[in-house]
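So the structure is just underneath, and the comments pick up after that.
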Amino acid sequence: MAIMHAIDYAEKLRDTATERELAKKLRSLPEEERFAFILEMLEVNLLVALELASACLRRQDLLTRLLEHGLAQVKDLSTIKYWLEHLIPRLGVRRVLGVLREQLDAHPFGVGSALYHMLGYVKKDDTNTVDAFRELYDEASRKGVRLPDLRGFFNKHG
Amino acid sequence: MGTEAVHPVDGYRLDWQNDRWVSVSESGVVRSATGRRIFIVTEDGTIYVSPRRIAGAGRVASHADLAGGRDVLYAGEIQFSGRTNRGQIRWWNNQSGHYLPGSECAQQGGMPLDLFRPFGA
């Protein structure tokens with residue numbers, strides 16, 4: 001198969017059928033090449049790239065690298081929610097909390113904005129996960145990361 | 001929380017007409033609301049919505065983009081019903097990393113409270 005480039009699809013990404021076909025083509029490539037294509041696609045169409053990642057990547061290390069890339073890239077307080085929506089189902093909440101902790105020093109803004117959106121994924125009756133979430137929040141707070149006020153959540157569930 | 005890059009988007013006004021929610025473009029085109037949308041409520045109580053994915057732009061819309069500098073009373077996301085029941089809200093919430101609206105102020109959202117799902121509660 002000829003090498004695929006995301007830019008070639010920039011004008012074609014208008015419907016789910018096209019995107020399904022693209023996912024099918026991508027799955028025929030080695031996983032490292034899928035990953036490289038998805039990194040290109042991030043520059044063309046963020047949501048399509050994340051949907052492709054969710055549909056075509058299997059390796060946890062590549063999904064983790066993608067999340068790290070997202071944490072480094074985000075420049076606003078909303079966009080990280082799309083990364084989390086697509087990657088949490090593949091990585092799991094605990095693994096994502098681990099990545100956030102690992103990336104806290106390198107990308108405090110991305111991690112700070114992700115912590116708010118993690119509220120939608122942390123199961124309130126899973127005390128281990130709530131504790132891990134709280135520890136990360138406290139660590140970020142101690143390090144001076146600008147954070148949303150989640151005291152209400154922790155008072156209720158912590 | 002920080003300085004954000006804002007790229008204003010053309011939002012649609014959300015109205016309740018003839019027992020259904022409709023989005024009204026700036027030029028007055030009325031369409032039944034469908035799919036997932038982000039929303040803001042401005043200080044005069046007007047609700048503006050935008051698709052999460054901006055067609056043709058390859059990027060996503062944020063609440064700050066939708067507000068475009070206007071003062072915002074409330075913000076979140078809305079899920080409308082699909083093809084067979086367009087114009088009906090399935091649920092809405094207060095998820096906005098930019099405005100962090102409290103669920104206790106949900107009445108400011110201007111939509112049915114029985115369909116409100118507090119974010120992270």
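Identifiers in the structure tokens: chain A, B, ... in order shown; residue index from 1 per chain; ligand index from 1 in order shown.
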*Would you kindly return, as a list in words, each protein, DNA or RNA residue with an atom no farther than 12 Å from any atom of Gln73 in chain A, considering only C-alpha atoms and excluding same-chain residues fewer than 3 positions away?*
Leu39, Leu42, Glu43, Leu46, Leu66, Leu67, Glu68, His69, Gly70, Asp76, Leu77, Thr79, Ile80, Trp83, Ala106, His107, Pro108, Phe109, Gly110, Val111 and Ser113 of chain A
*asked:* Applying 12 Å and only C-alpha atoms, which residues near Thr84 in chain B remain after dropping the ones on its own chain fewer than 6 positions away? List them as a ChimeraX atom specification.
replied: /B:32-35
_Check: which chain A residues lie within 7 Å of chain B using only C-alpha atoms, as a list in words_ = Val44, Asn45, Leu46, Lys75, Asp76, Leu77, Ser78, Ser113, Tyr116, Leu119, Gly120, Arg146, Leu147 and Pro148 of chain A
_Atom-to-atom span, CA of Val30 in chain B and CA of Ala106 in chain B, Å_ =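 So the two atoms, CA of Val30 in chain B and CA of Ala106 in chain B, lie 26.0 Å apart.
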*Among chain B, which residues carry a DSSP assignment of alpha helix (DSSP H), reported as a PyMOL selection string?*
chain B and resi 63-67
*Residues near Asn85 in chain B, cut-off 10 Å, only C-alpha atoms, skip fewer than 2 positions along chain, as a list in words*: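 Near neighbours after the sequence-gap exclusion: Arg20, Ser32, Ala33, Thr34, Phe80, Ser81, Gly82, Arg83, Gly87, Gln88, Ile89 and Arg90 of chain B.
The nearest approach to Glu77 in chain B among the residues A:Lys81, A:Lys156, A:Lys123, A:Arg90, with only C-alpha atoms taken into account, belongs to A:Lys81.
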_Please list as JSON, numbers by chain every residue within 10 Å of Pro112 in chain B, counting only C-alpha atoms and excluding residues in the same chain fewer than 3 positions away._
{"B": [89, 91, 92, 106, 107, 109, 115, 116]}
Would you pick out the contacts of Val93 in chain A at 12 Å or less, using only C-alpha atoms, so that residues sharing its chain but fewer than 4 positions from it are not included, and give the list as a compact mmCIF listing (two decimals) with C-alpha atoms, in the first residue's frame?
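Contents of around05.txt, as written:
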```txt
# COMPACT_ATOMS: atom_id res chain seq x y z
CA LEU A 84 -10.14 11.86 27.54
CA GLU A 85 -13.42 10.78 25.93
CA HIS A 86 -11.57 8.76 23.33
CA LEU A 87 -8.63 7.47 25.34
CA ILE A 88 -10.12 6.64 28.73
CA PRO A 89 -12.22 3.78 27.32
CA LEU A 97 -4.57 9.11 36.32
CA GLY A 98 -1.09 7.57 36.28
CA VAL A 99 -0.22 9.34 33.03
CA LEU A 100 -1.51 12.63 34.42
CA ALA A 114 -7.78 17.36 32.53
CA LEU A 115 -8.45 17.04 36.26
CA HIS A 117 -12.97 16.64 33.13
CA MET A 118 -11.86 13.50 35.02
CA LEU A 119 -14.80 14.18 37.32
CA GLY A 120 -16.98 12.58 34.70
CA TYR A 121 -15.03 9.31 34.78
CA VAL A 122 -14.07 8.69 38.39
CA LYS A 123 -16.61 6.29 39.84
CA ASP A 126 -14.55 3.18 43.77
CA ASN A 128 -9.22 3.46 45.46
CA THR A 129 -9.74 5.52 42.32
CA VAL A 130 -11.24 8.44 44.24
CA ALA A 132 -5.79 8.26 43.58
CA PHE A 133 -7.66 11.19 42.04
```
*Name the residues of range 13-113 of chain B that come out as strand (DSSP E) in a backbone DSSP run; write them as an NGL selection string.*
:B and (13-17 or 20-24 or 30-32 or 36-42 or 47-51 or 53-54 or 59-60 or 72-80 or 89-92)
_Point-to-point distance in Å for CA of Asn94 in chain B and CA of Phe153 in chain A_ = 14.3 Å
